[in-house]
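Enquirer: Dropping in coords-v3.txt, with compact mmCIF, C-alpha atoms.
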# COMPACT_ATOMS: atom_id res chain seq x y z
CA MET A 17 -20.75 40.74 -84.89
CA GLY A 18 -20.01 37.85 -87.21
CA ASN A 19 -22.52 36.40 -89.65
CA ARG A 20 -25.41 38.43 -88.30
CA PHE A 21 -28.22 36.80 -90.29
CA SER A 22 -27.01 33.35 -89.31
CA HIS A 23 -26.99 34.30 -85.62
CA LEU A 24 -30.56 35.60 -85.82
CA GLN A 25 -31.70 32.47 -87.66
CA LYS A 26 -30.11 30.23 -85.01
CA ALA A 27 -31.65 32.25 -82.18
CA ALA A 28 -35.14 32.13 -83.70
CA GLN A 29 -34.82 28.39 -84.34
CA LEU A 30 -33.67 27.67 -80.76
CA LEU A 31 -36.44 29.83 -79.30
CA LYS A 32 -38.96 27.89 -81.35
CA GLU A 33 -37.53 24.50 -80.36
CA ARG A 34 -37.24 25.27 -76.65
CA TYR A 35 -39.91 27.79 -75.71
CA PHE A 36 -42.29 28.98 -78.45
CA LYS A 37 -43.89 26.27 -80.58
CA ASN A 38 -45.95 28.92 -82.39
CA LEU A 39 -43.14 31.45 -82.78
CA LYS A 40 -43.88 34.44 -85.02
CA SER A 41 -41.18 36.79 -86.27
CA SER A 42 -41.01 40.37 -87.46
CA ILE A 43 -38.90 41.66 -90.31
CA VAL A 44 -35.32 42.68 -89.47
CA LEU A 45 -34.22 46.29 -89.18
CA GLU A 46 -30.65 47.51 -89.37
CA THR A 47 -30.15 50.41 -86.98
CA LYS A 48 -27.38 52.68 -85.80
CA ALA A 49 -25.56 51.61 -82.66
CA ILE A 50 -26.77 53.12 -79.38
CA LEU A 51 -23.62 53.90 -77.39
CA PRO A 52 -22.44 55.85 -74.35
CA ASN A 53 -20.46 59.04 -74.99
CA ASP A 54 -17.12 57.47 -74.08
CA ALA A 55 -17.50 54.41 -76.33
CA PRO A 56 -14.46 53.57 -78.49
CA PRO A 57 -14.92 54.22 -82.23
CA GLU A 58 -14.69 50.51 -83.11
CA TRP A 59 -17.95 49.91 -81.22
CA ASP A 60 -19.87 52.06 -83.66
CA LYS A 61 -21.24 49.23 -85.80
CA PRO A 62 -24.84 48.90 -87.03
CA PHE A 63 -27.15 46.42 -85.32
CA LEU A 64 -29.74 44.03 -86.70
CA ASN A 65 -32.94 44.06 -84.62
CA MET A 66 -36.05 41.93 -84.75
CA VAL A 67 -38.83 40.84 -82.39
CA VAL A 68 -40.44 37.44 -81.99
CA TYR A 69 -43.51 36.45 -80.01
CA GLY A 70 -45.64 33.46 -79.11
CA SER A 71 -47.14 31.46 -76.26
CA CYS A 72 -44.67 30.34 -73.59
CA SER A 73 -45.38 27.86 -70.79
CA SER A 74 -42.24 28.83 -68.83
CA SER A 75 -42.15 31.56 -66.21
CA PRO A 76 -40.44 34.87 -67.05
CA GLU A 77 -37.53 33.91 -64.79
CA GLU A 78 -37.15 30.53 -66.50
CA LEU A 79 -37.30 32.13 -69.94
CA LEU A 80 -34.66 34.71 -68.97
CA LYS A 81 -32.34 31.90 -67.90
CA GLY A 82 -33.09 30.12 -71.18
CA LEU A 83 -32.31 33.23 -73.22
CA LYS A 84 -28.90 33.51 -71.60
CA GLN A 85 -28.26 29.85 -72.42
CA ILE A 86 -29.19 30.40 -76.08
CA GLU A 87 -26.84 33.39 -76.22
CA CYS A 88 -24.10 31.15 -74.84
CA ASP A 89 -24.94 28.34 -77.29
CA ILE A 90 -24.63 30.73 -80.23
CA GLY A 91 -21.25 31.96 -79.00
CA ARG A 92 -21.72 35.01 -76.79
CA PRO A 93 -19.30 34.93 -73.83
CA GLN A 94 -20.90 34.84 -70.39
CA VAL A 95 -18.81 37.79 -69.24
CA TYR A 96 -18.94 40.81 -71.54
CA GLU A 97 -18.61 44.57 -71.49
CA LYS A 98 -21.89 46.46 -71.55
CA TRP A 99 -22.60 48.31 -74.83
CA ALA A 100 -19.79 46.48 -76.67
CA PRO A 101 -20.52 44.85 -80.06
CA ARG A 102 -21.95 41.39 -79.61
CA ILE A 103 -22.87 38.20 -81.44
CA ILE A 104 -26.43 38.00 -80.12
CA ASP A 105 -28.48 39.75 -77.43
CA LEU A 106 -31.89 38.40 -76.36
CA ASP A 107 -34.27 40.39 -74.14
CA ILE A 108 -37.81 39.99 -72.81
CA LEU A 109 -39.75 43.08 -73.92
CA LEU A 110 -43.34 42.38 -72.85
CA TRP A 111 -45.28 39.61 -71.13
CA ASP A 112 -49.01 40.16 -71.68
CA ASN A 113 -50.14 42.65 -69.00
CA LEU A 114 -47.48 41.61 -66.49
CA THR A 115 -45.44 44.25 -64.66
CA LEU A 116 -42.30 42.94 -62.99
CA ASP A 117 -39.55 44.88 -61.24
CA THR A 118 -36.71 42.86 -59.71
CA SER A 119 -32.96 43.37 -59.55
CA TYR A 120 -32.40 41.05 -62.51
CA LEU A 121 -35.57 41.34 -64.61
CA LYS A 122 -37.90 44.22 -65.41
CA ILE A 123 -41.03 43.82 -67.57
CA PRO A 124 -41.85 45.82 -69.66
CA HIS A 125 -38.22 46.26 -70.64
CA PRO A 126 -37.20 49.62 -69.12
CA GLU A 127 -35.45 50.85 -72.29
CA LEU A 128 -38.26 49.86 -74.64
CA ILE A 129 -39.75 53.35 -74.71
CA ASN A 130 -36.32 54.64 -75.84
CA ARG A 131 -36.01 52.11 -78.68
CA PRO A 132 -38.26 53.44 -81.47
CA PHE A 133 -37.21 50.67 -83.85
CA LEU A 134 -38.52 48.03 -81.42
CA LEU A 135 -41.77 49.88 -80.84
CA HIS A 136 -42.07 50.20 -84.61
CA LEU A 137 -41.60 46.44 -85.15
CA MET A 138 -44.01 45.53 -82.35
CA THR A 139 -46.66 47.94 -83.58
CA MET A 140 -46.35 46.57 -87.12
CA LEU A 141 -47.13 43.11 -85.74
CA ASN A 142 -50.01 44.14 -83.48
CA PRO A 143 -50.83 47.86 -83.08
CA MET A 144 -53.64 47.28 -80.56
CA ALA A 145 -51.51 45.24 -78.14
CA VAL A 146 -48.70 47.78 -77.97
CA VAL A 147 -50.82 50.93 -77.96
CA ASN A 148 -53.55 49.82 -75.58
CA LYS A 149 -51.53 47.90 -73.02
CA THR A 150 -48.21 49.63 -72.80
CA PHE A 151 -47.19 53.03 -73.96
CA GLY A 152 -50.16 54.96 -75.26
CA THR A 153 -49.97 56.14 -78.84
CA VAL A 154 -46.86 54.88 -80.61
CA ASN A 155 -45.69 57.08 -83.45
CA PRO A 156 -41.92 56.73 -83.93
CA ASN A 157 -40.13 58.85 -86.50
CA ILE A 158 -39.84 56.25 -89.23
CA LYS A 159 -37.31 58.29 -91.20
CA ASP A 160 -34.77 58.05 -88.37
CA CYS A 161 -35.90 54.64 -87.14
CA PHE A 162 -33.76 52.31 -89.25
CA LEU A 163 -31.14 52.19 -91.98
CA ARG A 164 -32.24 49.13 -93.98
CA SER A 165 -34.67 46.23 -93.73
CA PHE A 166 -34.32 42.48 -94.26
CA THR A 167 -36.13 39.21 -93.70
CA LEU A 168 -34.63 35.89 -92.58
CA SER A 169 -36.71 33.86 -95.01
CA PRO A 170 -36.11 32.80 -97.72
CA GLU A 171 -32.38 32.12 -97.57
CA LEU A 172 -30.67 33.57 -100.62
CA VAL A 173 -27.51 32.26 -102.27
CA GLY A 174 -25.77 35.13 -104.05
CA ILE A 175 -23.94 34.34 -107.31
CA VAL A 176 -20.49 35.72 -108.18
CA ASN A 177 -19.28 34.61 -111.61
CA ILE A 178 -15.50 35.08 -111.87
CA THR A 179 -15.67 34.50 -115.61
CA PRO A 180 -15.51 36.51 -118.82
CA ASP A 181 -18.43 34.68 -120.44
CA SER A 182 -21.23 33.70 -118.01
CA PHE A 183 -24.65 33.97 -119.60
CA SER A 184 -26.07 36.99 -117.74
CA ASP A 185 -23.14 38.89 -116.23
CA GLY A 186 -20.06 37.54 -117.99
CA GLY A 187 -17.09 39.80 -117.43
CA LEU A 188 -18.58 42.03 -114.72
CA TYR A 189 -16.72 40.25 -111.91
CA TYR A 190 -13.85 38.65 -113.82
CA ASP A 191 -11.44 41.00 -112.07
CA ALA A 192 -10.61 39.66 -108.60
CA ASP A 193 -11.16 43.00 -106.87
CA GLN A 194 -14.56 43.40 -108.50
CA ALA A 195 -15.50 39.82 -107.56
CA THR A 196 -14.50 40.40 -103.94
CA LYS A 197 -16.42 43.65 -103.83
CA GLN A 198 -19.50 41.93 -105.28
CA ALA A 199 -19.27 39.04 -102.77
CA LEU A 200 -19.20 41.48 -99.83
CA GLN A 201 -22.03 43.49 -101.41
CA LEU A 202 -24.20 40.37 -101.72
CA LEU A 203 -23.52 39.61 -98.06
CA SER A 204 -24.48 43.17 -97.12
CA ASP A 205 -27.63 42.88 -99.23
CA GLY A 206 -28.76 39.86 -97.21
CA ALA A 207 -27.31 36.72 -98.84
CA SER A 208 -27.00 33.77 -96.47
CA ILE A 209 -24.18 32.35 -98.56
CA VAL A 210 -22.08 33.66 -101.45
CA GLU A 211 -21.18 31.26 -104.24
CA LEU A 212 -18.01 31.76 -106.29
CA GLY A 213 -17.92 30.20 -109.74
CA ALA A 214 -14.82 30.43 -111.94
CA GLN A 215 -16.08 28.08 -114.63
CA SER A 216 -18.80 29.15 -117.06
CA THR A 217 -21.35 26.38 -117.63
CA ARG A 218 -23.56 28.23 -120.10
CA PRO A 219 -24.39 26.44 -123.37
CA GLY A 220 -21.40 26.57 -125.72
CA SER A 221 -18.87 27.56 -123.07
CA SER A 222 -15.30 26.26 -123.07
CA ILE A 223 -14.41 24.20 -120.01
CA GLN A 224 -11.39 25.61 -118.15
CA THR A 225 -8.63 23.38 -116.84
CA PRO A 226 -8.34 22.90 -113.06
CA LYS A 227 -5.24 25.10 -113.03
CA ALA A 228 -6.99 27.96 -114.85
CA GLU A 229 -10.09 27.69 -112.68
CA TYR A 230 -8.10 27.76 -109.45
CA ALA A 231 -6.08 30.74 -110.70
CA ARG A 232 -9.35 32.66 -111.00
CA LEU A 233 -10.66 31.54 -107.61
CA LYS A 234 -7.54 31.96 -105.48
CA PRO A 235 -7.20 35.77 -105.36
CA VAL A 236 -10.87 36.17 -104.47
CA LEU A 237 -10.67 33.50 -101.79
CA ASP A 238 -7.52 35.17 -100.46
CA ASP A 239 -9.37 38.50 -100.23
CA LEU A 240 -12.32 36.89 -98.44
CA ASN A 241 -10.24 34.63 -96.21
CA GLN A 242 -10.15 37.05 -93.26
CA TYR A 243 -13.96 37.14 -93.28
CA MET A 244 -14.30 33.37 -93.64
CA LYS A 245 -11.90 32.66 -90.77
CA VAL A 246 -14.02 34.57 -88.25
CA GLY A 247 -17.33 33.38 -89.68
CA ASP A 248 -18.46 36.73 -91.09
CA ILE A 249 -19.27 35.20 -94.47
CA LYS A 250 -20.25 31.75 -95.71
CA VAL A 251 -18.70 30.90 -99.07
CA SER A 252 -19.55 28.17 -101.54
CA ILE A 253 -17.38 27.20 -104.48
CA ASP A 254 -18.99 26.03 -107.69
CA SER A 255 -16.57 23.42 -109.07
CA PHE A 256 -16.48 19.88 -110.41
CA TRP A 257 -12.68 19.46 -110.58
CA PRO A 258 -11.27 17.31 -107.71
CA ASP A 259 -7.93 19.16 -107.78
CA VAL A 260 -9.64 22.53 -107.35
CA ILE A 261 -11.93 21.29 -104.58
CA LEU A 262 -9.13 19.60 -102.59
CA ASN A 263 -6.90 22.66 -102.94
CA VAL A 264 -9.65 24.96 -101.69
CA LEU A 265 -10.53 22.66 -98.79
CA GLU A 266 -6.89 22.62 -97.70
CA HIS A 267 -6.47 26.39 -97.56
CA TYR A 268 -9.88 27.98 -96.94
CA ASN A 269 -12.79 27.64 -94.55
CA ILE A 270 -15.58 27.26 -97.09
CA ALA A 271 -19.12 26.16 -96.23
CA TRP A 272 -20.32 24.40 -99.40
CA VAL A 273 -19.09 22.67 -102.52
CA ASN A 274 -21.51 22.89 -105.44
CA ASP A 275 -20.89 19.94 -107.78
CA GLN A 276 -22.79 20.60 -111.02
CA LYS A 277 -21.33 17.68 -112.94
CA GLY A 278 -21.95 14.89 -110.44
CA ASP A 279 -18.99 12.64 -111.20
CA LEU A 280 -16.64 13.32 -108.27
CA ASP A 281 -14.64 10.30 -107.13
CA ASP A 282 -15.10 8.70 -103.71
CA ASN A 283 -11.89 10.12 -102.23
CA THR A 284 -12.83 13.70 -103.10
CA LEU A 285 -16.32 13.24 -101.69
CA LYS A 286 -14.89 11.73 -98.49
CA ALA A 287 -12.57 14.74 -98.15
CA ILE A 288 -15.54 17.12 -98.50
CA ALA A 289 -17.51 15.18 -95.90
CA SER A 290 -14.63 15.02 -93.41
CA SER A 291 -14.02 18.76 -93.77
CA GLY A 292 -17.52 19.48 -92.46
CA CYS A 293 -18.61 21.12 -95.73
CA SER A 294 -22.06 20.70 -97.16
CA ILE A 295 -22.40 19.51 -100.74
CA VAL A 296 -24.83 20.66 -103.39
CA ILE A 297 -25.61 17.95 -105.93
CA MET A 298 -27.15 19.18 -109.17
CA HIS A 299 -28.94 17.05 -111.74
CA SER A 300 -27.40 17.50 -115.19
CA LEU A 301 -26.93 15.41 -118.31
CA SER A 302 -23.87 17.30 -119.54
CA ILE A 303 -21.65 20.26 -118.62
CA PRO A 304 -22.00 22.50 -120.54
CA PRO A 305 -25.61 21.64 -121.48
CA TYR A 306 -26.66 20.86 -125.04
CA SER A 307 -30.16 21.49 -126.39
CA ASP A 308 -30.31 18.03 -127.98
CA ASN A 309 -29.30 16.21 -124.79
CA ILE A 310 -32.37 16.37 -122.56
CA ILE A 311 -34.60 14.08 -120.53
CA PRO A 312 -36.84 12.19 -123.02
CA SER A 313 -40.07 14.09 -123.55
CA ASP A 314 -42.26 11.05 -122.82
CA ILE A 315 -40.81 10.65 -119.28
CA ASP A 316 -41.89 12.67 -116.26
CA PRO A 317 -38.74 14.70 -115.40
CA ILE A 318 -39.70 14.59 -111.71
CA ASP A 319 -39.38 10.79 -111.76
CA THR A 320 -35.97 11.06 -113.41
CA ILE A 321 -34.73 13.57 -110.83
CA ASN A 322 -36.17 11.58 -107.92
CA ASN A 323 -34.39 8.41 -109.09
CA TRP A 324 -31.14 10.35 -109.58
CA ALA A 325 -31.46 11.97 -106.14
CA GLU A 326 -32.08 8.67 -104.37
CA ARG A 327 -29.00 7.06 -105.92
CA ASN A 328 -26.73 9.99 -105.18
CA ILE A 329 -27.97 10.60 -101.64
CA ASN A 330 -27.42 6.93 -100.74
CA ARG A 331 -23.90 7.13 -102.14
CA LEU A 332 -23.11 10.31 -100.21
CA LEU A 333 -24.49 8.86 -96.96
CA ALA A 334 -22.23 5.82 -97.41
CA LEU A 335 -19.22 8.12 -97.91
CA GLY A 336 -19.66 10.02 -94.64
CA PHE A 337 -22.19 12.78 -95.31
CA ASP A 338 -25.33 13.14 -93.24
CA GLN A 339 -28.69 14.31 -94.56
CA SER A 340 -28.28 17.80 -93.11
CA SER A 341 -25.15 18.38 -95.22
CA ILE A 342 -26.65 17.29 -98.56
CA ILE A 343 -28.47 19.87 -100.68
CA ILE A 344 -30.41 18.85 -103.80
CA ASP A 345 -30.57 21.07 -106.90
CA PRO A 346 -32.82 19.87 -109.74
CA GLY A 347 -30.57 21.62 -112.27
CA ILE A 348 -32.90 24.03 -114.04
CA GLY A 349 -31.60 24.56 -117.58
CA PHE A 350 -29.30 21.52 -117.56
CA GLY A 351 -30.64 18.65 -119.65
CA LYS A 352 -34.26 19.83 -119.71
CA SER A 353 -36.49 21.50 -122.25
CA LEU A 354 -38.17 24.83 -121.52
CA TYR A 355 -41.37 22.96 -120.69
CA GLN A 356 -39.65 20.40 -118.47
CA ASN A 357 -38.03 23.21 -116.48
CA ILE A 358 -41.43 24.78 -115.82
CA TRP A 359 -42.91 21.39 -114.92
CA ILE A 360 -40.09 20.71 -112.44
CA LEU A 361 -40.57 24.09 -110.76
CA ARG A 362 -44.33 23.51 -110.51
CA ASN A 363 -43.67 20.21 -108.74
CA ILE A 364 -40.50 21.14 -106.84
CA GLU A 365 -41.94 20.09 -103.46
CA ALA A 366 -41.53 16.46 -104.57
CA LEU A 367 -37.83 16.78 -103.71
CA GLN A 368 -38.62 17.41 -100.05
CA SER A 369 -39.35 13.70 -99.51
CA PHE A 370 -35.64 12.86 -99.20
CA GLY A 371 -35.14 14.77 -95.95
CA CYS A 372 -32.37 16.91 -97.46
CA LYS A 373 -32.45 20.62 -98.12
CA VAL A 374 -33.43 21.79 -101.60
CA LEU A 375 -31.86 24.60 -103.64
CA VAL A 376 -33.20 25.97 -106.89
CA GLY A 377 -31.19 28.03 -109.37
CA HIS A 378 -33.70 29.69 -111.69
CA SER A 379 -32.26 33.19 -111.86
CA ARG A 380 -32.41 34.78 -115.35
CA LYS A 381 -32.39 31.33 -117.00
CA SER A 382 -33.42 30.67 -120.59
CA PHE A 383 -36.75 28.98 -119.78
CA ILE A 384 -37.99 32.47 -118.83
CA SER A 385 -38.01 33.21 -122.56
CA SER A 386 -41.06 30.93 -122.80
CA PHE A 387 -43.15 33.70 -121.25
CA SER A 388 -41.00 36.85 -121.49
CA THR A 389 -39.18 38.66 -124.30
CA GLU A 390 -36.80 40.46 -121.93
CA PRO A 391 -33.06 39.97 -122.57
CA VAL A 392 -31.10 37.82 -120.11
CA PHE A 393 -29.67 40.69 -118.06
CA ASN A 394 -33.16 42.21 -117.57
CA ARG A 395 -34.99 39.17 -116.16
CA ASP A 396 -34.78 39.99 -112.46
CA LEU A 397 -38.47 40.91 -112.23
CA GLU A 398 -39.47 37.53 -113.66
CA THR A 399 -36.92 35.82 -111.40
CA ILE A 400 -38.37 37.48 -108.31
CA ALA A 401 -41.90 36.48 -109.32
CA LEU A 402 -40.73 32.87 -109.62
CA SER A 403 -38.92 33.13 -106.29
CA SER A 404 -42.15 34.27 -104.66
CA ALA A 405 -43.92 31.14 -105.90
CA LEU A 406 -41.04 28.85 -104.90
CA HIS A 407 -39.76 30.11 -101.57
CA ASN A 408 -42.12 28.11 -99.33
CA LYS A 409 -41.26 24.92 -101.21
CA VAL A 410 -37.44 25.05 -101.14
CA ASP A 411 -34.73 25.95 -98.64
CA PHE A 412 -32.44 28.12 -100.79
CA LEU A 413 -32.93 30.41 -103.78
CA ARG A 414 -29.77 30.87 -105.85
CA VAL A 415 -30.00 34.32 -107.44
CA HIS A 416 -27.96 37.11 -109.02
CA ASN A 417 -29.87 40.08 -107.61
CA VAL A 418 -30.03 39.65 -103.82
CA ARG A 419 -30.88 43.28 -103.05
CA ASP A 420 -34.12 43.39 -105.02
CA HIS A 421 -35.12 39.94 -103.78
CA MET A 422 -34.71 41.18 -100.22
CA ARG A 423 -36.78 44.30 -100.93
CA PHE A 424 -39.57 42.13 -102.33
CA PHE A 425 -39.63 39.60 -99.50
CA VAL A 426 -39.47 42.30 -96.80
CA ALA A 427 -42.57 43.92 -98.29
CA GLN A 428 -44.29 40.55 -98.45
CA ALA A 429 -43.34 39.70 -94.86
CA ALA A 430 -44.52 43.09 -93.59
CA LEU A 431 -47.97 42.50 -95.05
CA GLN A 432 -48.21 38.91 -93.86
CA GLY A 433 -47.22 39.88 -90.32
So, in terms of structure tokens, how does the structure I just supplied come out?
Expert:
Amino acid sequence: MGNRFSHLQKAAQLLKERYFKNLKSSIVLETKAILPNDAPPEWDKPFLNMVVYGSCSSSPEELLKGLKQIECDIGRPQVYEKWAPRIIDLDILLWDNLTLDTSYLKIPHPELINRPFLLHLMTMLNPMAVVNKTFGTVNPNIKDCFLRSFTLSPELVGIVNITPDSFSDGGLYYDADQATKQALQLLSDGASIVELGAQSTRPGSSIQTPKAEYARLKPVLDDLNQYMKVGDIKVSIDSFWPDVILNVLEHYNIAWVNDQKGDLDDNTLKAIASSGCSIVIMHSLSIPPYSDNIIPSDIDPIDTINNWAERNINRLLALGFDQSSIIIDPGIGFGKSLYQNIWILRNIEALQSFGCKVLVGHSRKSFISSFSTEPVFNRDLETIALSSALHNKVDFLRVHNVRDHMRFFVAQAALQG
């Protein structure tokens, strides 16, 4: 239930902080619900399953108590109906060679042999441990084992352009129904957050008035509002107009504001901070960008961005934000030459020194033309290759094609174990 990827990420993080310093994680499998015959139809929702493992200094009984506390911390009620849909469910599956059979804890987990998707995940991580110590030969029917696969890392920001003229998909999601459908599809594909932009910032674009921009955003936000209210989806709005931002904050439960222009007044920034939203600050010299307005070629662009980031972070901290709610975006394609964009991406880890999270938006951008002749709409392969090189150096990848990114990173994670 709810924002399923977020719940799994929180659970893994809390397990690592409290019990497993060397926590390792499997990929994530979506599976059909396992239900009793008399279960109501509304319980028939797919599950996300994963396994984690590591060294634990607590006893099994202490860990079980800790798991229940983590479930509670994430939002699962302490009293619940067995088999019903749930926010999170943490179980001890194995504990080395230990066999335990008490009224409240059984190890190995008694249903493990009937959960082929769990055996499959465990055997992918360590075939010898599972086969030799537990169940004999494990050979689940992979075809019926799971519906889809995901990975929790990297976190992907899915782009929905509610515009007629964005550079790579202009017009595809200009219709509110199509934009809503795409937002929900990106969530289903594995996006951690979906970003709605109703203002094209491509070179040569015409800047829309606040009224026109909000008129594009509102019907999509209205459609998504039921999902935002219950936390099923995290939504970011990409806007630099104070009127639009304040209007959205008043009526919708959004998670981020992405300010590409960087000239919001203090009152608007204070309102964002007090609402509990995070803010993405992007380095740019102009919106829309112009090819003759770039960082001087004799200056290291990393130094320029670092100086800009320090000034803006200090300002945001003074206005009520904390470091955890500030996200830095170096602004690939905005005020940089092709070569400066590549240089920034090569040295992107320099932005980690500020203690804030880092987002990079490189998807299908024009600098790719420096090494590829593919048209804009066909640059997903190059984008994914760049994402692979970047994902351990940043916190968020802002991309158009979430589904293919997820396929790539699942395959990578499966091999890395």
Enquirer: Name the residues in contact with Arg131 in chain A at a cut-off of 12 Å, using only C-alpha atoms, excluding same-chain residues fewer than 6 positions from it; report them as an NGL selection string.
Expert: :A and (47-50 or 65-66 or 109 or 125 or 137-138 or 154-158 or 160-162)
Enquirer: Keeping only C-alpha atoms, write those residues as an mmCIF file, in the coordinates of the input.
Expert:
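Result file follows (out.cif):
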data_model
loop_
_atom_site.group_PDB
_atom_site.id
_atom_site.type_symbol
_atom_site.label_atom_id
_atom_site.label_comp_id
_atom_site.auth_asym_id
_atom_site.auth_seq_id
_atom_site.Cartn_x
_atom_site.Cartn_y
_atom_site.Cartn_z
ATOM 1 C CA THR A 47 -30.150 50.410 -86.980
ATOM 2 C CA LYS A 48 -27.380 52.680 -85.800
ATOM 3 C CA ALA A 49 -25.560 51.610 -82.660
ATOM 4 C CA ILE A 50 -26.770 53.120 -79.380
ATOM 5 C CA ASN A 65 -32.940 44.060 -84.620
ATOM 6 C CA MET A 66 -36.050 41.930 -84.750
ATOM 7 C CA LEU A 109 -39.750 43.080 -73.920
ATOM 8 C CA HIS A 125 -38.220 46.260 -70.640
ATOM 9 C CA LEU A 137 -41.600 46.440 -85.150
ATOM 10 C CA MET A 138 -44.010 45.530 -82.350
ATOM 11 C CA VAL A 154 -46.860 54.880 -80.610
ATOM 12 C CA ASN A 155 -45.690 57.080 -83.450
ATOM 13 C CA PRO A 156 -41.920 56.730 -83.930
ATOM 14 C CA ASN A 157 -40.130 58.850 -86.500
ATOM 15 C CA ILE A 158 -39.840 56.250 -89.230
ATOM 16 C CA ASP A 160 -34.770 58.050 -88.370
ATOM 17 C CA CYS A 161 -35.900 54.640 -87.140
ATOM 18 C CA PHE A 162 -33.760 52.310 -89.250
#
Enquirer: Could you please determine the separation between CA of Lys40 in chain A and CA of Gln339 in chain A in Å, to one decimal place?
Expert: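 A separation of 27.0 Å between them.
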Enquirer: Check the smallest atom-to-atom distance from each of A:Ser341, A:Ser208, A:Gln194, A:Thr217 to Trp272 in chain A using all atoms listed in the file, then report the winner.
Expert: A:Ser341
Enquirer: Around the point (-33.0, 23.6, -105.8), in the coordinates given by the file, pick out the residues reaching within 10 Å, counting all atoms listed in the file, and return them as a ChimeraX atom specification.
Expert: /A:296-299,343-348,361,364-365,367,373-378,406,409-414
Enquirer: Go through A:Cys293, A:Ile315, A:Ser300, A:Phe21 one by one, measure the shortest atom-to-atom distance of each to Leu168 in chain A using all atoms listed in the file, and give the residue with the smallest value.
Expert: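 For Leu168 in chain A, the nearest of the given residues is A:Phe21.
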Enquirer: Could you check which of A:Gly91, A:Gly371, A:Pro235, A:Pro219 is closest to Ser22 in chain A, using only C-alpha atoms?
Expert: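 Comparing A:Gly91, A:Gly371, A:Pro235, A:Pro219 against Ser22 in chain A, the winner is A:Gly91.
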Enquirer: I'd like to know which of A:Gly213, A:Pro258, A:Gly174, A:Gly247 is closest to Lys234 in chain A, using all atoms listed in the file.
Expert: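 Ranking A:Gly213, A:Pro258, A:Gly174, A:Gly247 by distance to Lys234 in chain A, first place goes to A:Gly213.
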Enquirer: Could you please determine the separation between CA of Lys245 in chain A and CA of Leu24 in chain A in Å, to one decimal place?
Expert: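 The value is 19.5 Å.
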Enquirer: Find the distance between CA of Ala214 in chain A and CA of Leu233 in chain A and write it in Å to one decimal.
Expert: 6.1 Å
Enquirer: Measuring atom to atom with all atoms listed in the file, identify which of A:Gln94, A:Thr399, A:Gln432, A:Gln368 is nearest to Glu326 in chain A.
Expert: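 Closest residue, counting all atoms listed in the file: A:Gln368.
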Enquirer: Do you know which residues are at most 10 Å from Ser379 in chain A counting only C-alpha atoms, after dropping those on the same chain fewer than 6 positions away, and could you put them as a ChimeraX atom specification?
Expert: /A:175,184,348,392,395-400,402-403,413-417
Enquirer: For range 249-253 of chain A, find every residue with an atom within 8 Å (counting all atoms listed in the file), except residues of its own chain fewer than 2 positions away, and show them as JSON, numbers by chain.
Expert: {"A": [18, 19, 203, 208, 209, 210, 211, 212, 213, 243, 244, 247, 255, 270, 271, 272, 273, 274]}
Enquirer: Using all atoms listed in the file, which of the listed residues (A:Ser119, A:Pro170, A:Ala430, A:Val68) sits closest to Asn408 in chain A?
Expert: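 Nearest candidate to Asn408 in chain A out of A:Ser119, A:Pro170, A:Ala430, A:Val68: A:Pro170.
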Enquirer: Tell me which protein, DNA and RNA residues are within 12 Å of Lys197 in chain A, counting all atoms listed in the file, leaving out same-chain ones fewer than 2 positions away, and put them as a VMD selection string.
Expert: chain A and resid 176 178 188 to 195 199 to 204 210 236 to 237 239 to 240
Enquirer: Give me, as a list in words, all polymer residues having an atom no more than 9 Å from Gly351 in chain A, counting all atoms listed in the file and skipping those fewer than 2 positions away in the same chain.
Expert: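 These residues fall inside the cut-off: His299, Ser300, Leu301, Ser302, Pro305, Tyr306, Ser307, Asp308, Asn309, Ile310, Ile311, Gly347, Ile348, Gly349 and Ser353 of chain A.
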